[in-house]
Amino acid sequence: MNLRALAAKAVFEVLERGVSLSVALPEQQKLLSDGKDKALLAELCYGVMRFLPQLDHCVSQFMSKPLKGKQRIVHQLLLVGVYQLYFTRVPAHAAISETAEACRKLKFEGLVKVVNGVLRNIQRQIPALAESNDTLKYNYPGWLLKRLKAAYEQWPQIVEASHQRPPMWLRNNRRQQSRDQYIAKLVDAEINCRPGLSDDAIELEFATDVSRLPGFAEGAVSVQDGAAQWAATLLAPKDGELVLDACAAPGGKSCHLLELADIQLLAVDADSKRLERVQQNLDRLALNAKVIHGDAANIDSWWNGEKFDRILLDAPCSATGVIRRHPDIKWLRKDSDIQELAELQKQILDHCWQWLKPGGTLLYATCSILPDENSKQVAAFLARTPDARLDALPQQADPQAIGWQILPGQDGMDGFFYARLKKATL
C-alpha cells in the first residue's frame with residue numbers, strides 16, 4: 001500500500017468529512033505493518049494539519065483550476081506532497097515520484113501528470129510560503145486568532161507553542177514504586193527523562209514505544225500529559241470517600257485518583273465506546289471502579305445512591321489547549337462551537353453541583369485556553385451559586401485569578417484549566 005495514498009485518505013476524512021484525525025489516522029495505519037512506515041504516515045498527516053493554510057495556498061498557486069468532488073482527495077494528496085518538500089528530509093525526487101504513484105493507487109490515472117507537474121514546479125521554484133494575512137502567517141483560523149488576541153498579550157507565543165511537537169509524559173504509579181525509583185529504572189533502560197512539577201510526572205527526552213517502558217504492561221507507569229496529571233492531585237481524594245469522575249473517558253484521571261487513595265470511584269461517560277478504554281486502563285493497573293455509561297448532566301437517571309464527597313468534572317470543551325497534539329482541532333472547530341460548549345458546560349456544572357455533599361469539593365477542568373469556557377464560566381457559576389466558593393490553588397501565578405490557566409508549552413505541559421470549588425456546609 002502506498003503510504004502517501006493512505007495519508008491523502010486520512011487528510012480527506014478530516015478536511016472533507018469532519019472526522020477527527022485520531023480516528024482517521026489509525027484506520028490507515030492498520031494497513032501498514034512496519035513501525036517506521038506508521039510513524040512517517042503520522043508525520044505527514046499531522047504536518048499537513050499544522051501548516052494547512054500555507055500548504056493549501058501553495059498548491060492553489062500552481063493549479064490552473066481547483067479540483068472538485070471526488071477529485072478533492074488528489075488535492076489532499078498534493079498537500080501531502082508539498083509538506084514533504086518543505087518540512088521533511090525525504091529527498092525531493094522520492095517525494096514527487098511516490099506522491100505521483102499514490103495518485104495511481106487512488107485510481108486517478110488521469111491526474112498523475114497534474115500531480116507530478118505541480119510538485120516539480122514547486123520543487124524548482126520553492127516559493128516562500130505566503131504570509132499575506134494572519135491565517136497564512138500563523139497557520140491558524142481567523143476566528144481562533146481573534147479570540148486569542150482578545151484574551152492574551154502573549155498570543156503569538158501561544159500560537160508558536162501550539163505548532164511544536166509535544167513531549168511524552170509518564171505518570172508514575174506510586175502504588176508500585178516512588179517516582180525516583182521509576183526514574184532509576186528508566187535510566188537503566190537508557191531512556192532519558194526528568195521529573196515534572198507534579199509529584200508523579202516524568203517527562204521523557206524523546207518519545208518511545210510503551211513496550212520499552214519498564215513494567216508498563218504490569219501497571220508500573222501510564223502515559224499522561226503533565227498538565228492532565230494535576231487533576232487528581234488538585235482534587236486530593238481521601239481514603240474512604242465516594243468520588244465521581246463525571247466525564248471519565250479515556251480513564252487516565254480515574255486511574256490516577258485510585259492510585260492516590262482507597263476510594264469508591266464512579267467513572268462515568270456518555271460515550272460507551274470510549275468507556276471501553278477506561279476499563280482497559282483500570283484492568284492494566286489492577287484498579288477497581290464502577291464504570292457507568294451515563295450523562296453527567298442527568299445523574300438522577302443512573303444513580304440513586306448518596307451524594308459525592310468529591311467530583312472531578314473534566315468538561316467537554318474546545319480542546320484548544322491540546323492543538324499541538326491534535327492540530328486538526330484548528331480546522332474541525334468553528335467559532336459558534338464555543339458558545340454551544342459553554343452552555344453544555346454550564347448545564348453539567350450546575351447539575352453536578354447538586355450531587356456534591358455540603359463541605360465537598362468539585363474540581364472543574366478543561367483542556368481549553370479560552371476564557372469563555374474557563375475563568376468566565378467559573379465566575380458566572382460563582383455568581384449564581386450562593387453555596388459555592390473558589391478555593392485558590394497555590395500553583396496560580398495570580399492568587400486573585402479565577403482558576404489556574406496552564407498555557408501550551410508552559411513547563412512542557414499542554415494547555416489546561418483548573419478551578420477548585422468548595423461547597424458550604426449546612
# chains A, B, ... in the order shown; residues from 1 in each chain; ligands from 1
>>> select_by_dssp(residues="segment 13-216 of chain A", states="strand (DSSP E or B)", output="ChimeraX atom specification")
/A:169-172,193-195,201-204
>>> write_last_selection(atoms="N, CA and C atoms", output="mmCIF file, in the first residue's frame")
data_model
loop_
_atom_site.group_PDB
_atom_site.id
_atom_site.type_symbol
_atom_site.label_atom_id
_atom_site.label_comp_id
_atom_site.auth_asym_id
_atom_site.auth_seq_id
_atom_site.Cartn_x
_atom_site.Cartn_y
_atom_site.Cartn_z
ATOM 1 N N TRP A 169 4.871 12.342 28.215
ATOM 2 C CA TRP A 169 4.853 12.382 29.671
ATOM 3 C C TRP A 169 4.407 11.033 30.223
ATOM 4 N N LEU A 170 4.964 10.669 31.363
ATOM 5 C CA LEU A 170 4.559 9.460 32.072
ATOM 6 C C LEU A 170 4.027 9.834 33.451
ATOM 7 N N ARG A 171 3.133 8.987 33.957
ATOM 8 C CA ARG A 171 2.648 9.129 35.332
ATOM 9 C C ARG A 171 3.073 7.903 36.122
ATOM 10 N N ASN A 172 3.944 8.112 37.076
ATOM 11 C CA ASN A 172 4.396 7.004 37.913
ATOM 12 C C ASN A 172 3.243 6.484 38.768
ATOM 13 N N CYS A 193 15.168 11.245 30.903
ATOM 14 C CA CYS A 193 13.933 11.845 31.399
ATOM 15 C C CYS A 193 14.241 12.872 32.477
ATOM 16 N N ARG A 194 13.195 13.570 32.903
ATOM 17 C CA ARG A 194 13.323 14.499 34.024
ATOM 18 C C ARG A 194 12.001 14.512 34.791
ATOM 19 N N PRO A 195 12.028 14.788 36.093
ATOM 20 C CA PRO A 195 10.778 14.869 36.852
ATOM 21 C C PRO A 195 9.984 16.110 36.480
ATOM 22 N N ALA A 201 4.770 13.038 37.913
ATOM 23 C CA ALA A 201 5.028 13.305 36.496
ATOM 24 C C ALA A 201 6.494 13.100 36.119
ATOM 25 N N ILE A 202 6.691 12.511 34.937
ATOM 26 C CA ILE A 202 8.026 12.303 34.371
ATOM 27 C C ILE A 202 7.959 12.675 32.888
ATOM 28 N N GLU A 203 8.832 13.567 32.457
ATOM 29 C CA GLU A 203 8.886 13.966 31.046
ATOM 30 C C GLU A 203 10.060 13.261 30.367
ATOM 31 N N LEU A 204 9.775 12.570 29.272
ATOM 32 C CA LEU A 204 10.828 11.884 28.528
ATOM 33 C C LEU A 204 11.517 12.854 27.573
#
>>> residues_around(residues="segment 340-355 of chain A", least_positions_apart="6", cutoff="7 Å", atoms="only C-alpha atoms", output="PyMOL selection string")
chain A and resi 296-297+307-308+315-317+372-373
>>> write_last_selection(atoms="C-alpha atoms", output="compact mmCIF listing (two decimals), in the first residue's frame")
# COMPACT_ATOMS: atom_id res chain seq x y z
CA ALA A 296 -23.13 13.82 33.70
CA ALA A 297 -25.89 16.38 33.09
CA LYS A 307 -24.09 12.37 47.20
CA PHE A 308 -20.37 12.58 46.47
CA ALA A 315 -15.86 19.10 31.00
CA PRO A 316 -16.40 18.73 27.23
CA CYS A 317 -14.56 21.63 25.65
CA ASP A 372 -15.47 31.67 27.87
CA GLU A 373 -15.01 28.02 28.82
>>> select_by_dssp(residues="segment 14-217 of chain A", states="helix (DSSP H, G or I)", output="PyMOL selection string")
chain A and resi 14-17+21-29+35-50+52-61+69-87+92-105+109-125+134-138+142-151+155-163+179-188+210-212
>>> residues_around(residues="Phe417 of chain A", least_positions_apart="5", cutoff="9 Å", atoms="only C-alpha atoms", output="count of residues only")
15
>>> atom_distance(atom1="atom CA of Val210 of chain A", atom2="atom CA of Glu43 of chain A")
18.7 Å
>>> closest_residue(among="A:Ala231, A:Ile122, A:Leu285, A:Leu25", to="Ala217 of chain A", atoms="only C-alpha atoms")
A:Leu285
>>> residues_around(residues="Ala130 of chain A", least_positions_apart="3", cutoff="12 Å", atoms="only C-alpha atoms", output="compact mmCIF listing (two decimals) with N, CA, C and O atoms, in the first residue's frame")
# COMPACT_ATOMS: atom_id res chain seq x y z
N PHE A 51 0.26 22.93 9.12
CA PHE A 51 0.60 24.01 8.17
C PHE A 51 -0.40 24.10 7.02
O PHE A 51 -0.05 24.55 5.93
N LEU A 52 -1.62 23.70 7.27
CA LEU A 52 -2.63 23.60 6.21
C LEU A 52 -2.81 24.88 5.38
O LEU A 52 -2.79 24.80 4.15
N PRO A 53 -3.02 26.05 5.97
CA PRO A 53 -3.26 27.24 5.14
C PRO A 53 -2.13 27.52 4.16
O PRO A 53 -2.37 27.82 2.98
N GLN A 54 -0.89 27.44 4.62
CA GLN A 54 0.24 27.72 3.72
C GLN A 54 0.37 26.67 2.64
O GLN A 54 0.64 27.00 1.47
N LEU A 55 0.20 25.40 3.00
CA LEU A 55 0.29 24.33 2.01
C LEU A 55 -0.82 24.47 0.97
O LEU A 55 -0.59 24.32 -0.24
N ASP A 56 -2.01 24.77 1.44
CA ASP A 56 -3.16 24.91 0.55
C ASP A 56 -2.97 26.09 -0.41
O ASP A 56 -3.25 25.99 -1.61
N HIS A 57 -2.45 27.18 0.11
CA HIS A 57 -2.20 28.36 -0.72
C HIS A 57 -1.14 28.05 -1.77
O HIS A 57 -1.27 28.45 -2.94
N CYS A 58 -0.11 27.32 -1.38
CA CYS A 58 0.97 26.98 -2.31
C CYS A 58 0.45 26.10 -3.45
O CYS A 58 0.74 26.36 -4.62
N VAL A 59 -0.34 25.09 -3.11
CA VAL A 59 -0.90 24.20 -4.14
C VAL A 59 -1.79 24.99 -5.09
O VAL A 59 -1.72 24.84 -6.31
N SER A 60 -2.64 25.84 -4.53
CA SER A 60 -3.59 26.61 -5.35
C SER A 60 -2.89 27.50 -6.36
O SER A 60 -3.38 27.71 -7.48
N GLN A 61 -1.73 28.02 -5.97
CA GLN A 61 -0.97 28.89 -6.88
C GLN A 61 -0.53 28.16 -8.15
O GLN A 61 -0.36 28.79 -9.20
N ILE A 126 10.50 26.53 -5.26
CA ILE A 126 10.41 26.59 -3.80
C ILE A 126 9.99 28.01 -3.37
O ILE A 126 10.76 28.76 -2.77
N PRO A 127 8.79 28.42 -3.74
CA PRO A 127 8.36 29.77 -3.37
C PRO A 127 8.23 29.90 -1.85
O PRO A 127 7.99 28.92 -1.14
N ASN A 133 -1.66 37.23 5.17
CA ASN A 133 -2.66 37.53 6.20
C ASN A 133 -2.35 36.67 7.42
O ASN A 133 -1.49 35.79 7.38
N ASP A 134 -3.03 36.94 8.52
CA ASP A 134 -2.70 36.26 9.77
C ASP A 134 -2.94 34.75 9.70
O ASP A 134 -2.20 33.97 10.30
N THR A 135 -3.97 34.34 8.98
CA THR A 135 -4.23 32.90 8.87
C THR A 135 -3.07 32.19 8.19
O THR A 135 -2.62 31.12 8.62
N LEU A 136 -2.53 32.79 7.11
CA LEU A 136 -1.39 32.21 6.42
C LEU A 136 -0.11 32.35 7.25
O LEU A 136 0.71 31.43 7.30
N LYS A 137 0.05 33.48 7.90
CA LYS A 137 1.27 33.72 8.66
C LYS A 137 1.39 32.76 9.84
O LYS A 137 2.47 32.23 10.13
N TYR A 138 0.25 32.52 10.53
CA TYR A 138 0.30 31.73 11.76
C TYR A 138 -0.28 30.32 11.61
O TYR A 138 -0.27 29.54 12.56
N ASN A 139 -0.81 30.01 10.41
CA ASN A 139 -1.43 28.70 10.20
C ASN A 139 -2.51 28.42 11.24
O ASN A 139 -2.57 27.35 11.85
>>> residues_around(residues="Asn116 of chain A", least_positions_apart="5", cutoff="8 Å", atoms="only C-alpha atoms", output="list in words")
Ile96, Ser97, Thr99 and Ala100 of chain A
>>> residues_around(residues="segment 103-110 of chain A", least_positions_apart="5", cutoff="10 Å", atoms="only C-alpha atoms", output="list in words")
Met1, Asn2, Arg4, Ala5, Leu6, Ala8, Lys9, Lys70, Gln71, Ile73, Val74, Leu77, Leu78, Glu98, Val115 and Asn116 of chain A
>>> write_last_selection(atoms="N, CA, C and O atoms", output="short mmCIF file (atom, residue, chain, number, x, y, z; two decimals), in the first residue's frame")
data_model
loop_
_atom_site.label_atom_id
_atom_site.label_comp_id
_atom_site.auth_asym_id
_atom_site.auth_seq_id
_atom_site.Cartn_x
_atom_site.Cartn_y
_atom_site.Cartn_z
N MET A 1 0.85 -1.20 0.00
CA MET A 1 0.00 0.00 0.00
C MET A 1 0.89 1.25 0.00
O MET A 1 1.82 1.34 0.79
N ASN A 2 0.59 2.18 -0.90
CA ASN A 2 1.37 3.41 -0.99
C ASN A 2 1.07 4.31 0.21
O ASN A 2 -0.08 4.67 0.47
N ARG A 4 1.75 7.44 0.82
CA ARG A 4 1.19 8.77 0.52
C ARG A 4 -0.29 8.69 0.21
O ARG A 4 -1.06 9.61 0.55
N ALA A 5 -0.71 7.61 -0.41
CA ALA A 5 -2.14 7.44 -0.68
C ALA A 5 -2.93 7.31 0.62
O ALA A 5 -4.02 7.87 0.76
N LEU A 6 -2.35 6.58 1.58
CA LEU A 6 -3.00 6.44 2.88
C LEU A 6 -3.08 7.79 3.59
O LEU A 6 -4.09 8.11 4.23
N ALA A 8 -3.23 10.73 2.15
CA ALA A 8 -4.27 11.52 1.47
C ALA A 8 -5.66 11.10 1.92
O ALA A 8 -6.55 11.95 2.12
N LYS A 9 -5.87 9.81 2.11
CA LYS A 9 -7.17 9.33 2.58
C LYS A 9 -7.49 9.84 3.97
O LYS A 9 -8.62 10.27 4.25
N LYS A 70 -15.06 14.16 -6.06
CA LYS A 70 -14.22 13.04 -5.66
C LYS A 70 -12.73 13.32 -5.88
O LYS A 70 -11.88 12.71 -5.24
N GLN A 71 -12.46 14.26 -6.81
CA GLN A 71 -11.06 14.60 -7.09
C GLN A 71 -10.40 15.39 -5.95
O GLN A 71 -9.19 15.58 -5.96
N ILE A 73 -9.63 14.42 -3.16
CA ILE A 73 -8.62 13.61 -2.49
C ILE A 73 -7.24 13.79 -3.15
O ILE A 73 -6.21 13.67 -2.49
N VAL A 74 -7.24 14.13 -4.44
CA VAL A 74 -5.98 14.41 -5.12
C VAL A 74 -5.42 15.75 -4.64
O VAL A 74 -4.20 15.93 -4.53
N LEU A 77 -3.76 14.94 -1.55
CA LEU A 77 -2.50 14.27 -1.88
C LEU A 77 -1.42 15.30 -2.20
O LEU A 77 -0.26 15.15 -1.80
N LEU A 78 -1.78 16.35 -2.92
CA LEU A 78 -0.82 17.41 -3.23
C LEU A 78 -0.34 18.12 -1.96
O LEU A 78 0.83 18.49 -1.85
N GLU A 98 6.87 9.20 -5.44
CA GLU A 98 5.97 8.41 -4.59
C GLU A 98 4.58 9.05 -4.53
O GLU A 98 3.57 8.34 -4.48
N VAL A 115 -0.33 15.98 -10.82
CA VAL A 115 0.38 15.87 -9.54
C VAL A 115 1.88 16.01 -9.75
O VAL A 115 2.56 16.77 -9.05
N ASN A 116 2.39 15.29 -10.71
CA ASN A 116 3.82 15.34 -11.00
C ASN A 116 4.25 16.75 -11.41
O ASN A 116 5.28 17.27 -10.95
#
>>> closest_residue(among="A:Leu313, A:Ala232, A:Ile158, A:Val223", to="Asn281 of chain A", atoms="only C-alpha atoms")
A:Val223
>>> residues_around(residues="Asp200 of chain A", least_positions_apart="6", cutoff="12 Å", atoms="only C-alpha atoms", output="ChimeraX atom specification")
/A:169-183,194,220-233,256-257,259-260
>>> decode(residues="segment 252-264 of chain A", atoms="N, CA and C atoms", output="PDB file, in the first residue's frame")
ATOM      1  N   GLY A 252      -7.532   8.081  32.265  1.00  0.00           N
ATOM      2  CA  GLY A 252      -6.259   8.400  32.906  1.00  0.00           C
ATOM      3  C   GLY A 252      -6.441   9.046  34.273  1.00  0.00           C
ATOM      4  N   LYS A 253      -7.376  10.000  34.357  1.00  0.00           N
ATOM      5  CA  LYS A 253      -7.591  10.702  35.618  1.00  0.00           C
ATOM      6  C   LYS A 253      -8.267   9.790  36.637  1.00  0.00           C
ATOM      7  N   SER A 254      -9.170   8.931  36.184  1.00  0.00           N
ATOM      8  CA  SER A 254      -9.805   7.955  37.086  1.00  0.00           C
ATOM      9  C   SER A 254      -8.756   7.068  37.736  1.00  0.00           C
ATOM     10  N   CYS A 255      -7.858   6.558  36.920  1.00  0.00           N
ATOM     11  CA  CYS A 255      -6.813   5.663  37.434  1.00  0.00           C
ATOM     12  C   CYS A 255      -5.894   6.394  38.405  1.00  0.00           C
ATOM     13  N   HIS A 256      -5.567   7.633  38.098  1.00  0.00           N
ATOM     14  CA  HIS A 256      -4.700   8.400  38.979  1.00  0.00           C
ATOM     15  C   HIS A 256      -5.364   8.620  40.340  1.00  0.00           C
ATOM     16  N   LEU A 257      -6.659   8.911  40.339  1.00  0.00           N
ATOM     17  CA  LEU A 257      -7.389   9.075  41.599  1.00  0.00           C
ATOM     18  C   LEU A 257      -7.296   7.814  42.454  1.00  0.00           C
ATOM     19  N   LEU A 258      -7.426   6.661  41.815  1.00  0.00           N
ATOM     20  CA  LEU A 258      -7.371   5.389  42.539  1.00  0.00           C
ATOM     21  C   LEU A 258      -5.956   5.054  42.993  1.00  0.00           C
ATOM     22  N   GLU A 259      -4.979   5.554  42.289  1.00  0.00           N
ATOM     23  CA  GLU A 259      -3.583   5.373  42.727  1.00  0.00           C
ATOM     24  C   GLU A 259      -3.270   6.215  43.960  1.00  0.00           C
ATOM     25  N   LEU A 260      -3.986   7.345  44.120  1.00  0.00           N
ATOM     26  CA  LEU A 260      -3.703   8.264  45.219  1.00  0.00           C
ATOM     27  C   LEU A 260      -4.376   7.864  46.524  1.00  0.00           C
ATOM     28  N   ALA A 261      -5.546   7.221  46.453  1.00  0.00           N
ATOM     29  CA  ALA A 261      -6.284   6.926  47.685  1.00  0.00           C
ATOM     30  C   ALA A 261      -7.215   5.737  47.473  1.00  0.00           C
ATOM     31  N   ASP A 262      -7.590   5.104  48.585  1.00  0.00           N
ATOM     32  CA  ASP A 262      -8.541   3.979  48.557  1.00  0.00           C
ATOM     33  C   ASP A 262      -9.949   4.548  48.626  1.00  0.00           C
ATOM     34  N   ILE A 263     -10.497   4.845  47.477  1.00  0.00           N
ATOM     35  CA  ILE A 263     -11.801   5.495  47.375  1.00  0.00           C
ATOM     36  C   ILE A 263     -12.793   4.596  46.654  1.00  0.00           C
ATOM     37  N   GLN A 264     -14.072   4.919  46.795  1.00  0.00           N
ATOM     38  CA  GLN A 264     -15.112   4.312  45.966  1.00  0.00           C
ATOM     39  C   GLN A 264     -15.341   5.263  44.793  1.00  0.00           C
TER      40      GLN A 264
END
